[in-house]
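Chemist: PDB, C-alpha atoms, file entry.pdb:
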```
ATOM      1  CA  GLY H  28      81.197  93.879 112.550  1.00  0.00           C
ATOM      2  CA  GLY H  29      80.592  90.303 111.742  1.00  0.00           C
ATOM      3  CA  LEU H  30      82.382  87.026 111.529  1.00  0.00           C
ATOM      4  CA  PRO H  31      85.608  86.669 109.582  1.00  0.00           C
ATOM      5  CA  ASN H  32      84.542  83.190 108.539  1.00  0.00           C
ATOM      6  CA  ILE H  33      80.936  82.055 108.125  1.00  0.00           C
ATOM      7  CA  THR H  34      81.710  78.404 107.420  1.00  0.00           C
ATOM      8  CA  ASP H  35      83.692  77.262 110.468  1.00  0.00           C
ATOM      9  CA  PHE H  36      81.468  75.566 113.036  1.00  0.00           C
ATOM     10  CA  SER H  37      84.197  73.726 114.920  1.00  0.00           C
ATOM     11  CA  GLY H  38      84.307  76.109 117.881  1.00  0.00           C
ATOM     12  CA  ASP H  39      82.899  75.824 121.387  1.00  0.00           C
ATOM     13  CA  ASP H  40      80.722  78.915 120.968  1.00  0.00           C
ATOM     14  CA  GLN H  41      76.952  78.577 121.280  1.00  0.00           C
ATOM     15  CA  TYR H  42      76.236  79.212 117.597  1.00  0.00           C
ATOM     16  CA  SER H  43      78.662  76.518 116.361  1.00  0.00           C
ATOM     17  CA  LYS H  44      77.202  74.030 118.832  1.00  0.00           C
ATOM     18  CA  GLU H  45      73.659  74.789 117.633  1.00  0.00           C
ATOM     19  CA  VAL H  46      74.636  74.331 113.987  1.00  0.00           C
ATOM     20  CA  ARG H  47      76.273  70.985 114.729  1.00  0.00           C
ATOM     21  CA  GLN H  48      73.172  69.872 116.650  1.00  0.00           C
ATOM     22  CA  GLN H  49      70.660  70.957 114.013  1.00  0.00           C
ATOM     23  CA  TYR H  50      72.430  69.800 110.845  1.00  0.00           C
ATOM     24  CA  LYS H  51      74.043  66.586 109.677  1.00  0.00           C
ATOM     25  CA  PRO H  52      77.786  66.644 108.913  1.00  0.00           C
ATOM     26  CA  GLU H  53      77.088  66.202 105.201  1.00  0.00           C
ATOM     27  CA  GLN H  54      74.728  69.200 105.238  1.00  0.00           C
ATOM     28  CA  ILE H  55      77.381  71.333 106.900  1.00  0.00           C
ATOM     29  CA  ALA H  56      79.993  70.104 104.407  1.00  0.00           C
ATOM     30  CA  LYS H  57      77.741  71.075 101.474  1.00  0.00           C
ATOM     31  CA  TYR H  58      77.219  74.526 102.993  1.00  0.00           C
ATOM     32  CA  VAL H  59      80.979  74.968 103.483  1.00  0.00           C
ATOM     33  CA  GLN H  60      81.628  73.903  99.879  1.00  0.00           C
ATOM     34  CA  MET H  61      79.119  76.422  98.526  1.00  0.00           C
ATOM     35  CA  ILE H  62      79.709  79.383 100.862  1.00  0.00           C
ATOM     36  CA  GLY H  63      83.396  78.966 101.723  1.00  0.00           C
ATOM     37  CA  PRO H  64      84.625  80.840  98.643  1.00  0.00           C
ATOM     38  CA  ILE H  65      82.885  84.012  99.876  1.00  0.00           C
ATOM     39  CA  ASP H  66      84.038  83.978 103.495  1.00  0.00           C
ATOM     40  CA  PRO H  67      84.457  87.650 104.474  1.00  0.00           C
ATOM     41  CA  GLU H  68      88.085  87.367 105.569  1.00  0.00           C
ATOM     42  CA  LYS H  69      88.999  86.425 101.981  1.00  0.00           C
ATOM     43  CA  PHE H  70      87.891  89.851 100.751  1.00  0.00           C
ATOM     44  CA  VAL H  71      88.170  92.380 103.570  1.00  0.00           C
ATOM     45  CA  GLY H  72      91.917  92.614 103.081  1.00  0.00           C
ATOM     46  CA  ASN H  73      91.329  94.055  99.617  1.00  0.00           C
ATOM     47  CA  ALA H  74      88.943  96.837 100.641  1.00  0.00           C
ATOM     48  CA  ALA H  75      91.491  99.654 100.338  1.00  0.00           C
ATOM     49  CA  PRO H  76      91.185 102.480  99.549  1.00  0.00           C
ATOM     50  CA  THR H  77      87.694 102.153 101.018  1.00  0.00           C
ATOM     51  CA  HIS H  78      87.520 103.135 104.694  1.00  0.00           C
ATOM     52  CA  LEU H  79      86.175 100.461 107.037  1.00  0.00           C
ATOM     53  CA  PHE H  80      84.507 100.898 110.412  1.00  0.00           C
ATOM     54  CA  PHE H  81      84.223  97.804 112.593  1.00  0.00           C
ATOM     55  CA  GLN H  82      81.920  97.822 115.591  1.00  0.00           C
ATOM     56  CA  PHE H  83      82.001  94.884 117.961  1.00  0.00           C
ATOM     57  CA  ALA H  84      80.021  94.094 121.089  1.00  0.00           C
ATOM     58  CA  ARG H  85      81.777  92.976 124.256  1.00  0.00           C
ATOM     59  CA  TRP H  86      78.898  90.621 125.159  1.00  0.00           C
ATOM     60  CA  ASP H  87      78.084  89.310 121.700  1.00  0.00           C
ATOM     61  CA  ARG H  88      76.726  85.786 121.938  1.00  0.00           C
ATOM     62  CA  PHE H  89      77.668  84.997 118.321  1.00  0.00           C
ATOM     63  CA  ILE H  90      80.968  86.801 117.727  1.00  0.00           C
ATOM     64  CA  SER H  91      83.773  86.185 120.184  1.00  0.00           C
ATOM     65  CA  GLU H  92      86.426  88.771 120.946  1.00  0.00           C
ATOM     66  CA  ALA H  93      88.970  86.532 119.195  1.00  0.00           C
ATOM     67  CA  GLU H  94      86.829  86.346 116.033  1.00  0.00           C
ATOM     68  CA  ALA H  95      86.330  90.105 116.085  1.00  0.00           C
ATOM     69  CA  LYS H  96      90.089  90.646 116.336  1.00  0.00           C
ATOM     70  CA  ARG H  97      90.711  88.119 113.545  1.00  0.00           C
ATOM     71  CA  TYR H  98      88.307  89.978 111.243  1.00  0.00           C
ATOM     72  CA  GLU H  99      89.770  93.379 112.085  1.00  0.00           C
ATOM     73  CA  THR H 100      93.320  92.098 111.568  1.00  0.00           C
ATOM     74  CA  ALA H 101      92.429  90.667 108.153  1.00  0.00           C
ATOM     75  CA  ALA H 102      91.100  94.037 106.968  1.00  0.00           C
ATOM     76  CA  SER H 103      93.101  96.500 104.935  1.00  0.00           C
ATOM     77  CA  GLN H 104      93.815 100.073 105.982  1.00  0.00           C
ATOM     78  CA  PRO H 105      92.289 102.567 106.463  1.00  0.00           C
ATOM     79  CA  LYS H 106      90.131 101.110 109.199  1.00  0.00           C
ATOM     80  CA  LEU H 107      88.666 102.013 112.549  1.00  0.00           C
ATOM     81  CA  SER H 108      87.509  99.495 115.132  1.00  0.00           C
ATOM     82  CA  LYS H 109      85.570 100.029 118.340  1.00  0.00           C
ATOM     83  CA  LEU H 110      84.390  97.681 121.061  1.00  0.00           C
ATOM     84  CA  TYR H 111      81.187  98.562 122.917  1.00  0.00           C
ATOM     85  CA  ASN H 112      79.777  97.454 126.242  1.00  0.00           C
ATOM     86  CA  THR H 113      76.675  95.995 124.646  1.00  0.00           C
ATOM     87  CA  SER H 114      75.300  92.773 123.168  1.00  0.00           C
ATOM     88  CA  HIS H 115      74.862  91.490 119.616  1.00  0.00           C
ATOM     89  CA  GLU H 116      71.839  93.740 119.071  1.00  0.00           C
ATOM     90  CA  PHE H 117      73.858  96.957 119.541  1.00  0.00           C
ATOM     91  CA  ASN H 118      71.001  98.602 121.419  1.00  0.00           C
ATOM     92  CA  ASP H 119      73.233 101.252 122.975  1.00  0.00           C
ATOM     93  CA  LEU H 120      73.261 104.914 122.053  1.00  0.00           C
ATOM     94  CA  GLN H 121      77.046 105.269 121.701  1.00  0.00           C
ATOM     95  CA  SER H 122      77.447 102.702 118.916  1.00  0.00           C
ATOM     96  CA  TRP H 123      74.562 104.297 117.008  1.00  0.00           C
ATOM     97  CA  CYS H 124      75.998 107.790 117.428  1.00  0.00           C
ATOM     98  CA  ASP H 125      79.419 106.586 116.293  1.00  0.00           C
ATOM     99  CA  ARG H 126      77.871 104.998 113.177  1.00  0.00           C
ATOM    100  CA  VAL H 127      75.945 108.144 112.282  1.00  0.00           C
ATOM    101  CA  ASP H 128      79.029 110.304 112.833  1.00  0.00           C
ATOM    102  CA  TRP H 129      81.296 108.014 110.792  1.00  0.00           C
ATOM    103  CA  ILE H 130      78.855 107.734 107.889  1.00  0.00           C
ATOM    104  CA  GLY H 131      78.347 111.495 107.908  1.00  0.00           C
ATOM    105  CA  LYS H 132      82.085 112.117 107.703  1.00  0.00           C
ATOM    106  CA  GLU H 133      82.632 109.465 105.019  1.00  0.00           C
ATOM    107  CA  LEU H 134      79.835 110.847 102.846  1.00  0.00           C
ATOM    108  CA  GLN H 135      80.724 114.444 103.707  1.00  0.00           C
ATOM    109  CA  LEU H 136      77.233 115.153 105.023  1.00  0.00           C
ATOM    110  CA  ARG H 137      76.736 118.139 107.282  1.00  0.00           C
ATOM    111  CA  GLY H 138      74.306 118.281 110.170  1.00  0.00           C
ATOM    112  CA  ILE H 139      73.633 114.557 110.182  1.00  0.00           C
ATOM    113  CA  VAL H 140      74.586 113.955 113.838  1.00  0.00           C
ATOM    114  CA  PRO H 141      71.512 114.297 116.063  1.00  0.00           C
ATOM    115  CA  ALA H 142      71.692 116.510 119.169  1.00  0.00           C
ATOM    116  CA  VAL H 143      71.460 113.457 121.408  1.00  0.00           C
ATOM    117  CA  CYS H 144      74.882 112.371 120.091  1.00  0.00           C
ATOM    118  CA  ARG H 145      76.702 115.637 120.678  1.00  0.00           C
TER
END
```
Once you've parsed the file, please lay out its structure as structure tokens.

Modeler:
Amino acid sequence: GGLPNITDFSGDDQYSKEVRQQYKPEQIAKYVQMIGPIDPEKFVGNAAPTHLFFQFARWDRFISEAEAKRYETAASQPKLSKLYNTSHEFNDLQSWCDRVDWIGKELQLRGIVPAVCR
């Protein structure tokens, strides 16, 4: 998971508001100039043939559902995306189990999934 764009602070989300409050417009502009070329959505579409696994949190205070969908849509295939009933910290068992399972399959590791996840 993550943001498709890490240089757009124009939104009404809490994080964008905090950035605009804490930094001067010229500071934000300098950041955008330096970091903009590496915004994730500019690269995630070229990940193939690498498999991608997106995990998003329904109650994420930093990443909106629209931003999550934008990032997923920008990504190349093959990809898997799941939405969890959790917050930004992903402190739920299911998302952890899904990560362990996915990594195990991608790396062809046997016996990596703990009993608690079965």

Chemist: For the atom pair CA of Cys144 (chain H) and CA of Gly131 (chain H), what is the interatomic distance in Å to one decimal place?

Modeler: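 The value is 12.7 Å.
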
Chemist: In the coordinates of the file, take the point (77.3, 95.6, 128.1) and a cut-off of 7 Å; then, counting all atoms listed in the file, name each qualifying protein, DNA or RNA residue as a VMD selection string.

Modeler: chain H and resid 85 to 86 112 to 114

Chemist: Set out as JSON lines a contact list for region 47-91 of chain H and region 97-104 of chain H with a cut-off of 12 Å, giving each residue of region 47-91 of chain H that qualifies its closest atom pair and distance in Å to one decimal, counting all atoms listed in the file, ordered by chain and rising residue number.

Modeler:
```
{"residue": "H:Asp66", "atom": "CA", "partner": "H:Tyr98", "partner_atom": "CA", "distance": 10.7}
{"residue": "H:Pro67", "atom": "CA", "partner": "H:Tyr98", "partner_atom": "CA", "distance": 8.1}
{"residue": "H:Glu68", "atom": "CA", "partner": "H:Ala101", "partner_atom": "CA", "distance": 6.0}
{"residue": "H:Lys69", "atom": "CA", "partner": "H:Ala101", "partner_atom": "CA", "distance": 8.2}
{"residue": "H:Phe70", "atom": "CA", "partner": "H:Ala102", "partner_atom": "CA", "distance": 8.2}
{"residue": "H:Val71", "atom": "CA", "partner": "H:Ala102", "partner_atom": "CA", "distance": 4.8}
{"residue": "H:Gly72", "atom": "CA", "partner": "H:Ala102", "partner_atom": "CA", "distance": 4.2}
{"residue": "H:Asn73", "atom": "CA", "partner": "H:Ser103", "partner_atom": "CA", "distance": 6.1}
{"residue": "H:Ala74", "atom": "CA", "partner": "H:Ser103", "partner_atom": "CA", "distance": 6.0}
{"residue": "H:Ala75", "atom": "CA", "partner": "H:Ser103", "partner_atom": "CA", "distance": 5.8}
{"residue": "H:Pro76", "atom": "CA", "partner": "H:Gln104", "partner_atom": "CA", "distance": 7.4}
{"residue": "H:Thr77", "atom": "CA", "partner": "H:Gln104", "partner_atom": "CA", "distance": 8.2}
{"residue": "H:His78", "atom": "CA", "partner": "H:Gln104", "partner_atom": "CA", "distance": 7.1}
{"residue": "H:Leu79", "atom": "CA", "partner": "H:Gln104", "partner_atom": "CA", "distance": 7.7}
{"residue": "H:Phe80", "atom": "CA", "partner": "H:Glu99", "partner_atom": "CA", "distance": 9.3}
{"residue": "H:Phe81", "atom": "CA", "partner": "H:Glu99", "partner_atom": "CA", "distance": 7.1}
{"residue": "H:Gln82", "atom": "CA", "partner": "H:Glu99", "partner_atom": "CA", "distance": 9.7}
{"residue": "H:Phe83", "atom": "CA", "partner": "H:Glu99", "partner_atom": "CA", "distance": 9.9}
{"residue": "H:Ile90", "atom": "CA", "partner": "H:Tyr98", "partner_atom": "CA", "distance": 10.3}
{"residue": "H:Ser91", "atom": "CA", "partner": "H:Arg97", "partner_atom": "CA", "distance": 9.8}
```

Chemist: Nearest to Ile139 (chain H) among H:Val127, H:Ala84, H:Leu30, H:Leu110, with distances taken over only C-alpha atoms: which residue is it?

Modeler: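 Residue with the minimum atom-to-atom distance to Ile139 (chain H): H:Val127.
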
Chemist: I'd like the interatomic distance between CA of Ser37 (chain H) and CA of Ala56 (chain H), to a tenth of an Å.

Modeler: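 One can read the CA of Ser37 (chain H) to CA of Ala56 (chain H) distance as 11.9 Å.
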
Chemist: So the first atom is CA of Asn32 (chain H) and the second is CA of Ile130 (chain H); what is the distance between them in Å, to one decimal place?

Modeler: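 Separation of CA of Asn32 (chain H) and CA of Ile130 (chain H): 25.2 Å.
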
Chemist: Return the single residue from H:Gln48, H:Asp35, H:Gly28, H:Asn118 that is closest to Lys106 (chain H), with distances computed using all atoms listed in the file.

Modeler: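 Of H:Gln48, H:Asp35, H:Gly28, H:Asn118, the one nearest Lys106 (chain H) is H:Gly28, counting all atoms listed in the file.
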
Chemist: Build an axis-aligned box that encloses every atom of region 117-130 of chain H listed in the file, pad it by 5 Å on each side, and report its centre and edge lengths in Å to one decimal, as lines of an AutoDock Vina configuration file.

Modeler:
```
center_x = 76.1
center_y = 103.6
center_z = 115.4
size_x = 20.3
size_y = 23.3
size_z = 25.1
```

Chemist: Could you check the closest approach to Met61 (chain H) for each of H:Thr34, H:Gln41, H:Gln121, H:Gln135 and tell me which residue wins, using only C-alpha atoms?

Modeler: H:Thr34

Chemist: Select, from H:Lys132, H:Asp40, H:Ile33, H:Leu120, the residue with the minimum atom-to-atom distance to Ala93 (chain H), counting all atoms listed in the file.

Modeler: H:Asp40
